Amino acid sequence: MRSHLLNDTNAEQYRRSVIEGVERVAARIATTDRPFTGVTVDALSPRVDAIDLDRPLHDTAAVLDELEDVYLRDAVYFHHPRYLAHLNCPVVIPAVLGEAVLSAVNSSLDTWDQSAGGTLIERKLIDWTTDRIGLGPAADGVFTSGGTQSNLQALLLAREEAKTDSLGKLRIFASEASHFSVQKSAKLLGLGPDAVVPIPVDHDKRLHTVALARELERCVQDGLVPMAVVATSGTTDFGSIDPLPEIAALCEQYGVWMHVDAAYGCGLLTSLKYRDRLAGIERADSVTVDYHKSFFQPVSSSAVLVRDAATLRHATYHAEYLNPRRMVQERIPNQVDKSLQTTRRFDALKLWMTLRVMGADGIGQLFDEVCDLAVDGWRLLAADPRYHVVVEPSLSTLVFRYIPAAVTDPAEIDRANLYARRALFASGDAVVASTKVAGRHYLKFTLLNPETTTADIAAVLDLIAGHAEQYLGESLDRAS
């Protein structure tokens, strides 16, 4: 069994095995003509359940054949131009190369004596990102597993900076369209059930600053403690960007921590055309970025950034076996001093490889293309009498609803839209998402693939309408 351990004696076996796996994936990607096969849970589960994990196949080719059957053939492929559902991006090749390197070397980014150069590369990328944001010379941060963890850590710092022992009095303010991780973080941080105060949004699904000012004043008058305002730059449902300058002014007025959840909108940091949409982000106390959403990186690749590096001390614990206090005096850089995680992958390498091959402008050009595509898609929807589109996009998300000419019952229209989404997924021809707007069911395109065209969008809209009309026709037949 030692022959399977990657070391100096079997480097050639490693090379052959990886090449064989890469060739399988490359062949699958090259021949995939739909984002999904439409396989059902009932069809796929027996194939997985039939595998006896206590009886290995002892052959890489055989295992890859088996993997083809239980995974590769029926995977949902985000690189396909008609995958239009969630915040999943196609990935760039330099990042995939970085993934292969970091997995093989297997550095752990918690301490210097486990990562050395990896530590410095991650720190360099943090500095690069904080500079792009404009957080100033005292800024710092650390890579995380994703936006949820980044938001949690940012709100942990905000809780500690609020300097109160009365956790029940702490309040977090976030728009009704903010990410659910704000509520989850409040619970994990031991705050009360009323800790998160939802702020209404305007017509464009942006946080209403007049309402925020009113709630902040009420909080103070009630003897409560405003802990943080979470401004979202790229809401999950609408891609809307909250008015950051106005929010920053209110945070400064009330002495409140300002966190910007830019997990989605961080792609604008490299934009050649739309960077001004993030104006005000430089005034934040903390920022979440998800490179694996809009920098075209493989999962996972995220970071939390802070204006004042000293605030990261709230996540610092020293263990004698790992990062004893003396290392601080010895100026040994241990990333675990900043992180909620201990063992942590060298995910920063993927972004490093991307920047060194493509450059920031290359990433920005790709993100600008999907933002431009969303504008074209919005125009298509706005001109199509079959659909109601909610807001003009700020990023690359479109939320819309099929409206049949002959049906007026909102509940029946809901069912038609849900049916169309399920039928489309079952066909494998395209994948779209859904959400609710004012209690009604809507469909959603999240456009993160520069290979998607307006022709793809138009074709998928026709498919949706066809499935919805089929459902309504069958519904009328049943009713009669």
# chains A, B, ... in the order shown; residues from 1 in each chain; ligands from 1
$ residues_around --residues "range 275-285 of chain A" --least-positions-apart "2" --cutoff "9 Å" --atoms "only C-alpha atoms" --output "PyMOL selection string"
chain A and resi 130+132-136+154+158+233+241+243-249+257-260+262+265-273+287+305-308+394
$ select_by_dssp --residues "range 327-421 of chain A" --states "helix (DSSP H, G or I)" --output "PyMOL selection string"
chain A and resi 327-329+335-337+348-357+360-383+410-421
$ write_last_selection --atoms "N, CA and C atoms" --output "compact mmCIF listing (two decimals), in the first residue's frame"
# COMPACT_ATOMS: atom_id res chain seq x y z
N MET A 327 6.40 33.56 19.01
CA MET A 327 6.57 33.70 17.57
C MET A 327 6.21 35.10 17.09
N VAL A 328 5.31 35.78 17.82
CA VAL A 328 4.96 37.14 17.44
C VAL A 328 6.18 38.04 17.60
N GLN A 329 6.86 37.90 18.73
CA GLN A 329 8.07 38.70 18.96
C GLN A 329 9.18 38.34 17.97
N GLN A 335 -0.54 32.46 9.80
CA GLN A 335 -1.86 32.87 9.35
C GLN A 335 -2.98 32.41 10.28
N VAL A 336 -2.73 31.38 11.08
CA VAL A 336 -3.75 30.92 12.03
C VAL A 336 -4.07 32.00 13.05
N ASP A 337 -3.16 32.95 13.24
CA ASP A 337 -3.41 34.05 14.16
C ASP A 337 -4.57 34.93 13.71
N ALA A 348 -5.22 30.31 -1.97
CA ALA A 348 -4.71 31.55 -2.57
C ALA A 348 -3.90 31.27 -3.84
N LEU A 349 -3.31 30.09 -3.94
CA LEU A 349 -2.46 29.79 -5.10
C LEU A 349 -3.24 29.88 -6.41
N LYS A 350 -4.52 29.53 -6.38
CA LYS A 350 -5.32 29.57 -7.60
C LYS A 350 -5.43 30.99 -8.14
N LEU A 351 -5.69 31.93 -7.24
CA LEU A 351 -5.79 33.32 -7.66
C LEU A 351 -4.42 33.84 -8.09
N TRP A 352 -3.39 33.43 -7.39
CA TRP A 352 -2.02 33.84 -7.75
C TRP A 352 -1.70 33.41 -9.18
N MET A 353 -1.96 32.15 -9.50
CA MET A 353 -1.70 31.65 -10.85
C MET A 353 -2.51 32.42 -11.89
N THR A 354 -3.76 32.73 -11.54
CA THR A 354 -4.62 33.45 -12.47
C THR A 354 -4.08 34.84 -12.76
N LEU A 355 -3.70 35.55 -11.71
CA LEU A 355 -3.18 36.90 -11.91
C LEU A 355 -1.85 36.89 -12.66
N ARG A 356 -1.02 35.89 -12.39
CA ARG A 356 0.29 35.84 -13.05
C ARG A 356 0.17 35.46 -14.53
N VAL A 357 -0.87 34.72 -14.89
CA VAL A 357 -1.07 34.34 -16.30
C VAL A 357 -1.94 35.35 -17.04
N ALA A 360 -5.04 41.14 -13.80
CA ALA A 360 -6.31 41.62 -13.25
C ALA A 360 -7.24 42.10 -14.36
N ASP A 361 -6.68 42.76 -15.38
CA ASP A 361 -7.51 43.25 -16.48
C ASP A 361 -8.19 42.10 -17.23
N GLY A 362 -7.51 40.96 -17.30
CA GLY A 362 -8.11 39.79 -17.95
C GLY A 362 -9.34 39.31 -17.20
N ILE A 363 -9.25 39.27 -15.87
CA ILE A 363 -10.42 38.89 -15.06
C ILE A 363 -11.52 39.92 -15.23
N GLY A 364 -11.14 41.20 -15.15
CA GLY A 364 -12.12 42.26 -15.27
C GLY A 364 -12.84 42.26 -16.60
N GLN A 365 -12.13 41.95 -17.66
CA GLN A 365 -12.76 41.89 -18.97
C GLN A 365 -13.84 40.81 -19.01
N LEU A 366 -13.56 39.64 -18.42
CA LEU A 366 -14.55 38.57 -18.39
C LEU A 366 -15.78 38.97 -17.57
N PHE A 367 -15.54 39.63 -16.42
CA PHE A 367 -16.68 40.02 -15.59
C PHE A 367 -17.49 41.12 -16.27
N ASP A 368 -16.83 42.02 -16.94
CA ASP A 368 -17.56 43.05 -17.69
C ASP A 368 -18.44 42.43 -18.77
N GLU A 369 -17.96 41.36 -19.38
CA GLU A 369 -18.75 40.70 -20.43
C GLU A 369 -20.06 40.16 -19.88
N VAL A 370 -20.04 39.55 -18.68
CA VAL A 370 -21.29 39.01 -18.15
C VAL A 370 -22.21 40.13 -17.68
N CYS A 371 -21.64 41.24 -17.21
CA CYS A 371 -22.48 42.39 -16.85
C CYS A 371 -23.15 42.98 -18.10
N ASP A 372 -22.40 43.07 -19.18
CA ASP A 372 -22.97 43.54 -20.45
C ASP A 372 -24.06 42.59 -20.94
N LEU A 373 -23.80 41.30 -20.82
CA LEU A 373 -24.78 40.30 -21.25
C LEU A 373 -26.08 40.45 -20.47
N ALA A 374 -25.98 40.73 -19.17
CA ALA A 374 -27.18 40.89 -18.36
C ALA A 374 -28.02 42.06 -18.84
N VAL A 375 -27.38 43.14 -19.27
CA VAL A 375 -28.12 44.29 -19.81
C VAL A 375 -28.86 43.87 -21.08
N ASP A 376 -28.19 43.12 -21.94
CA ASP A 376 -28.85 42.64 -23.16
C ASP A 376 -30.01 41.71 -22.82
N GLY A 377 -29.80 40.85 -21.82
CA GLY A 377 -30.87 39.95 -21.41
C GLY A 377 -32.05 40.70 -20.83
N TRP A 378 -31.76 41.75 -20.06
CA TRP A 378 -32.84 42.57 -19.50
C TRP A 378 -33.67 43.22 -20.61
N ARG A 379 -32.99 43.68 -21.63
CA ARG A 379 -33.71 44.29 -22.76
C ARG A 379 -34.61 43.27 -23.46
N LEU A 380 -34.10 42.06 -23.61
CA LEU A 380 -34.93 41.01 -24.20
C LEU A 380 -36.18 40.76 -23.38
N LEU A 381 -35.99 40.64 -22.07
CA LEU A 381 -37.13 40.38 -21.18
C LEU A 381 -38.11 41.54 -21.15
N ALA A 382 -37.57 42.75 -21.10
CA ALA A 382 -38.44 43.92 -21.02
C ALA A 382 -39.29 44.08 -22.29
N ALA A 383 -38.78 43.59 -23.41
CA ALA A 383 -39.51 43.72 -24.68
C ALA A 383 -40.40 42.52 -24.97
N PRO A 410 -52.85 34.50 -9.74
CA PRO A 410 -51.41 34.52 -9.40
C PRO A 410 -50.88 33.17 -8.93
N ALA A 411 -51.70 32.42 -8.21
CA ALA A 411 -51.25 31.11 -7.72
C ALA A 411 -51.03 30.14 -8.88
N GLU A 412 -51.89 30.22 -9.87
CA GLU A 412 -51.73 29.35 -11.04
C GLU A 412 -50.48 29.75 -11.84
N ILE A 413 -50.23 31.05 -11.91
CA ILE A 413 -49.01 31.52 -12.59
C ILE A 413 -47.78 31.06 -11.81
N ASP A 414 -47.85 31.09 -10.49
CA ASP A 414 -46.76 30.54 -9.66
C ASP A 414 -46.47 29.10 -10.05
N ARG A 415 -47.52 28.30 -10.09
CA ARG A 415 -47.35 26.87 -10.39
C ARG A 415 -46.77 26.66 -11.79
N ALA A 416 -47.18 27.49 -12.74
CA ALA A 416 -46.67 27.37 -14.11
C ALA A 416 -45.17 27.66 -14.15
N ASN A 417 -44.73 28.68 -13.42
CA ASN A 417 -43.30 29.01 -13.40
C ASN A 417 -42.48 27.93 -12.71
N LEU A 418 -42.99 27.41 -11.60
CA LEU A 418 -42.27 26.34 -10.91
C LEU A 418 -42.20 25.08 -11.76
N TYR A 419 -43.30 24.79 -12.43
CA TYR A 419 -43.31 23.61 -13.31
C TYR A 419 -42.29 23.78 -14.43
N ALA A 420 -42.25 24.98 -15.01
CA ALA A 420 -41.32 25.22 -16.12
C ALA A 420 -39.88 25.02 -15.67
N ARG A 421 -39.55 25.49 -14.48
CA ARG A 421 -38.18 25.31 -13.98
C ARG A 421 -37.86 23.83 -13.79
$ residues_around --residues "Pro90 in chain A" --least-positions-apart "2" --cutoff "9 Å" --atoms "only C-alpha atoms" --output "PyMOL selection string"
chain A and resi 77-80+88+92+296-298+448-450
$ write_last_selection --atoms "all heavy atoms" --output "mmCIF file, in the first residue's frame"
data_model
loop_
_atom_site.group_PDB
_atom_site.id
_atom_site.type_symbol
_atom_site.label_atom_id
_atom_site.label_comp_id
_atom_site.auth_asym_id
_atom_site.auth_seq_id
_atom_site.Cartn_x
_atom_site.Cartn_y
_atom_site.Cartn_z
ATOM 1 N N TYR A 77 -22.676 20.834 -15.126
ATOM 2 C CA TYR A 77 -21.470 21.471 -15.663
ATOM 3 C C TYR A 77 -21.669 22.981 -15.797
ATOM 4 O O TYR A 77 -22.399 23.466 -16.660
ATOM 5 C CB TYR A 77 -21.095 20.838 -16.998
ATOM 6 C CG TYR A 77 -20.437 19.496 -16.806
ATOM 7 C CD1 TYR A 77 -21.158 18.315 -16.937
ATOM 8 C CD2 TYR A 77 -19.095 19.412 -16.442
ATOM 9 C CE1 TYR A 77 -20.552 17.070 -16.730
ATOM 10 C CE2 TYR A 77 -18.484 18.179 -16.234
ATOM 11 C CZ TYR A 77 -19.217 17.024 -16.377
ATOM 12 O OH TYR A 77 -18.617 15.804 -16.163
ATOM 13 N N PHE A 78 -20.967 23.716 -14.921
ATOM 14 C CA PHE A 78 -21.102 25.171 -14.884
ATOM 15 C C PHE A 78 -20.468 25.838 -16.095
ATOM 16 O O PHE A 78 -20.765 27.014 -16.367
ATOM 17 C CB PHE A 78 -20.459 25.728 -13.605
ATOM 18 C CG PHE A 78 -21.008 25.155 -12.328
ATOM 19 C CD1 PHE A 78 -20.209 25.043 -11.201
ATOM 20 C CD2 PHE A 78 -22.317 24.718 -12.239
ATOM 21 C CE1 PHE A 78 -20.699 24.526 -10.013
ATOM 22 C CE2 PHE A 78 -22.830 24.184 -11.058
ATOM 23 C CZ PHE A 78 -22.003 24.094 -9.943
ATOM 24 N N HIS A 79 -19.581 25.125 -16.791
ATOM 25 C CA HIS A 79 -18.930 25.749 -17.946
ATOM 26 C C HIS A 79 -19.874 25.854 -19.140
ATOM 27 O O HIS A 79 -19.594 26.591 -20.090
ATOM 28 C CB HIS A 79 -17.692 24.942 -18.359
ATOM 29 C CG HIS A 79 -18.013 23.677 -19.088
ATOM 30 N ND1 HIS A 79 -18.361 22.519 -18.431
ATOM 31 C CD2 HIS A 79 -18.083 23.395 -20.412
ATOM 32 C CE1 HIS A 79 -18.608 21.582 -19.324
ATOM 33 N NE2 HIS A 79 -18.451 22.073 -20.532
ATOM 34 N N HIS A 80 -20.988 25.136 -19.119
ATOM 35 C CA HIS A 80 -21.897 25.153 -20.261
ATOM 36 C C HIS A 80 -22.647 26.477 -20.312
ATOM 37 O O HIS A 80 -23.121 26.985 -19.288
ATOM 38 C CB HIS A 80 -22.888 23.992 -20.182
ATOM 39 C CG HIS A 80 -23.607 23.753 -21.463
ATOM 40 N ND1 HIS A 80 -24.698 24.508 -21.858
ATOM 41 C CD2 HIS A 80 -23.380 22.870 -22.470
ATOM 42 C CE1 HIS A 80 -25.123 24.083 -23.035
ATOM 43 N NE2 HIS A 80 -24.338 23.089 -23.431
ATOM 44 N N ASN A 88 -22.444 30.209 -9.598
ATOM 45 C CA ASN A 88 -21.359 29.285 -9.941
ATOM 46 C C ASN A 88 -20.754 29.727 -11.258
ATOM 47 O O ASN A 88 -21.452 29.856 -12.257
ATOM 48 C CB ASN A 88 -21.884 27.855 -10.087
ATOM 49 C CG ASN A 88 -22.696 27.391 -8.888
ATOM 50 O OD1 ASN A 88 -23.869 27.097 -9.011
ATOM 51 N ND2 ASN A 88 -22.072 27.343 -7.729
ATOM 52 N N VAL A 92 -11.191 29.369 -14.756
ATOM 53 C CA VAL A 92 -10.115 29.605 -15.718
ATOM 54 C C VAL A 92 -9.012 28.558 -15.525
ATOM 55 O O VAL A 92 -8.769 28.075 -14.413
ATOM 56 C CB VAL A 92 -9.538 31.026 -15.582
ATOM 57 C CG1 VAL A 92 -10.570 32.056 -16.026
ATOM 58 C CG2 VAL A 92 -9.069 31.320 -14.164
ATOM 59 N N PHE A 296 -13.759 33.843 -11.312
ATOM 60 C CA PHE A 296 -13.655 32.639 -12.130
ATOM 61 C C PHE A 296 -12.676 31.616 -11.525
ATOM 62 O O PHE A 296 -11.913 30.972 -12.243
ATOM 63 C CB PHE A 296 -13.291 32.991 -13.578
ATOM 64 C CG PHE A 296 -14.233 33.997 -14.169
ATOM 65 C CD1 PHE A 296 -13.924 35.360 -14.170
ATOM 66 C CD2 PHE A 296 -15.462 33.608 -14.675
ATOM 67 C CE1 PHE A 296 -14.811 36.297 -14.674
ATOM 68 C CE2 PHE A 296 -16.360 34.542 -15.180
ATOM 69 C CZ PHE A 296 -16.029 35.881 -15.188
ATOM 70 N N GLN A 297 -12.754 31.480 -10.200
ATOM 71 C CA GLN A 297 -11.905 30.554 -9.463
ATOM 72 C C GLN A 297 -12.677 29.307 -9.049
ATOM 73 O O GLN A 297 -13.883 29.367 -8.802
ATOM 74 C CB GLN A 297 -11.355 31.235 -8.206
ATOM 75 C CG GLN A 297 -10.530 32.479 -8.481
ATOM 76 C CD GLN A 297 -9.255 32.166 -9.218
ATOM 77 O OE1 GLN A 297 -8.341 31.553 -8.676
ATOM 78 N NE2 GLN A 297 -9.179 32.595 -10.477
ATOM 79 N N PRO A 298 -12.001 28.168 -8.927
ATOM 80 C CA PRO A 298 -12.669 26.974 -8.394
ATOM 81 C C PRO A 298 -13.007 27.179 -6.914
ATOM 82 O O PRO A 298 -12.296 27.896 -6.185
ATOM 83 C CB PRO A 298 -11.623 25.870 -8.559
ATOM 84 C CG PRO A 298 -10.610 26.404 -9.520
ATOM 85 C CD PRO A 298 -10.623 27.885 -9.353
ATOM 86 N N LEU A 448 -22.868 34.194 -15.291
ATOM 87 C CA LEU A 448 -21.454 34.291 -14.934
ATOM 88 C C LEU A 448 -20.551 33.643 -15.976
ATOM 89 O O LEU A 448 -19.361 33.463 -15.721
ATOM 90 C CB LEU A 448 -21.208 33.656 -13.555
ATOM 91 C CG LEU A 448 -21.635 34.504 -12.352
ATOM 92 C CD1 LEU A 448 -21.428 33.741 -11.060
ATOM 93 C CD2 LEU A 448 -20.868 35.825 -12.308
ATOM 94 N N ASN A 449 -21.116 33.309 -17.118
ATOM 95 C CA ASN A 449 -20.331 32.656 -18.158
ATOM 96 C C ASN A 449 -20.223 33.567 -19.379
ATOM 97 O O ASN A 449 -21.226 33.816 -20.065
ATOM 98 C CB ASN A 449 -20.983 31.329 -18.555
ATOM 99 C CG ASN A 449 -20.088 30.487 -19.442
ATOM 100 O OD1 ASN A 449 -19.112 30.976 -20.018
ATOM 101 N ND2 ASN A 449 -20.406 29.215 -19.556
ATOM 102 N N PRO A 450 -19.030 34.078 -19.665
ATOM 103 C CA PRO A 450 -18.879 34.933 -20.845
ATOM 104 C C PRO A 450 -19.194 34.233 -22.160
ATOM 105 O O PRO A 450 -19.396 34.903 -23.183
ATOM 106 C CB PRO A 450 -17.400 35.348 -20.797
ATOM 107 C CG PRO A 450 -16.993 35.180 -19.370
ATOM 108 C CD PRO A 450 -17.784 34.002 -18.880
#
$ residues_around --residues "Leu340 in chain A" --least-positions-apart "2" --cutoff "9 Å" --atoms "only C-alpha atoms" --output "list in words"
Thr144, Gln149, Gln153, Ala315, Thr316, Val336, Asp337, Lys338 and Thr342 of chain A
$ write_last_selection --atoms "C-alpha atoms" --output "mmCIF file, in the first residue's frame"
data_model
loop_
_atom_site.group_PDB
_atom_site.id
_atom_site.type_symbol
_atom_site.label_atom_id
_atom_site.label_comp_id
_atom_site.auth_asym_id
_atom_site.auth_seq_id
_atom_site.Cartn_x
_atom_site.Cartn_y
_atom_site.Cartn_z
ATOM 1 C CA THR A 144 -11.623 31.705 4.098
ATOM 2 C CA GLN A 149 -17.392 32.145 6.910
ATOM 3 C CA GLN A 153 -15.701 36.408 11.054
ATOM 4 C CA ALA A 315 -9.843 35.672 16.277
ATOM 5 C CA THR A 316 -6.379 34.976 17.747
ATOM 6 C CA VAL A 336 -3.746 30.919 12.029
ATOM 7 C CA ASP A 337 -3.406 34.048 14.164
ATOM 8 C CA LYS A 338 -5.985 35.691 11.861
ATOM 9 C CA THR A 342 -6.664 25.931 11.791
#
$ select_by_dssp --residues "range 260-478 of chain A" --states "strand (DSSP E or B)" --output "number ranges by chain"
A: 260-262, 286-290, 302-306, 387-389, 397-402, 431, 433-437, 440-446
$ write_last_selection --atoms "C-alpha atoms" --output "mmCIF file, in the first residue's frame"
data_model
loop_
_atom_site.group_PDB
_atom_site.id
_atom_site.type_symbol
_atom_site.label_atom_id
_atom_site.label_comp_id
_atom_site.auth_asym_id
_atom_site.auth_seq_id
_atom_site.Cartn_x
_atom_site.Cartn_y
_atom_site.Cartn_z
ATOM 1 C CA VAL A 260 -19.723 45.123 3.042
ATOM 2 C CA ASP A 261 -20.720 41.705 1.762
ATOM 3 C CA ALA A 262 -19.200 41.896 -1.714
ATOM 4 C CA SER A 286 -14.627 44.847 6.796
ATOM 5 C CA VAL A 287 -15.344 43.352 3.383
ATOM 6 C CA THR A 288 -16.227 39.859 2.170
ATOM 7 C CA VAL A 289 -14.986 38.795 -1.267
ATOM 8 C CA ASP A 290 -15.653 35.498 -3.029
ATOM 9 C CA SER A 302 -12.795 33.640 -0.481
ATOM 10 C CA ALA A 303 -11.413 36.215 1.937
ATOM 11 C CA VAL A 304 -12.410 38.575 4.696
ATOM 12 C CA LEU A 305 -10.607 41.918 4.663
ATOM 13 C CA VAL A 306 -10.440 44.530 7.436
ATOM 14 C CA TYR A 387 -42.407 38.021 -19.120
ATOM 15 C CA HIS A 388 -42.223 40.479 -16.271
ATOM 16 C CA VAL A 389 -38.657 41.375 -15.273
ATOM 17 C CA THR A 397 -28.568 38.659 -12.394
ATOM 18 C CA LEU A 398 -32.026 38.749 -13.957
ATOM 19 C CA VAL A 399 -35.212 37.942 -12.009
ATOM 20 C CA PHE A 400 -38.343 37.456 -14.086
ATOM 21 C CA ARG A 401 -41.715 35.707 -14.236
ATOM 22 C CA TYR A 402 -43.645 34.118 -17.057
ATOM 23 C CA VAL A 431 -30.560 25.089 -15.602
ATOM 24 C CA ALA A 433 -32.906 29.150 -10.458
ATOM 25 C CA SER A 434 -35.995 30.443 -8.694
ATOM 26 C CA THR A 435 -36.829 32.813 -5.859
ATOM 27 C CA LYS A 436 -39.757 34.723 -4.407
ATOM 28 C CA VAL A 437 -40.617 38.374 -4.934
ATOM 29 C CA ARG A 440 -44.803 35.217 -5.685
ATOM 30 C CA HIS A 441 -42.594 32.698 -7.492
ATOM 31 C CA TYR A 442 -40.078 34.094 -9.970
ATOM 32 C CA LEU A 443 -37.300 32.587 -12.064
ATOM 33 C CA LYS A 444 -33.702 33.740 -12.084
ATOM 34 C CA PHE A 445 -30.762 33.843 -14.469
ATOM 35 C CA THR A 446 -27.364 34.276 -12.819
#
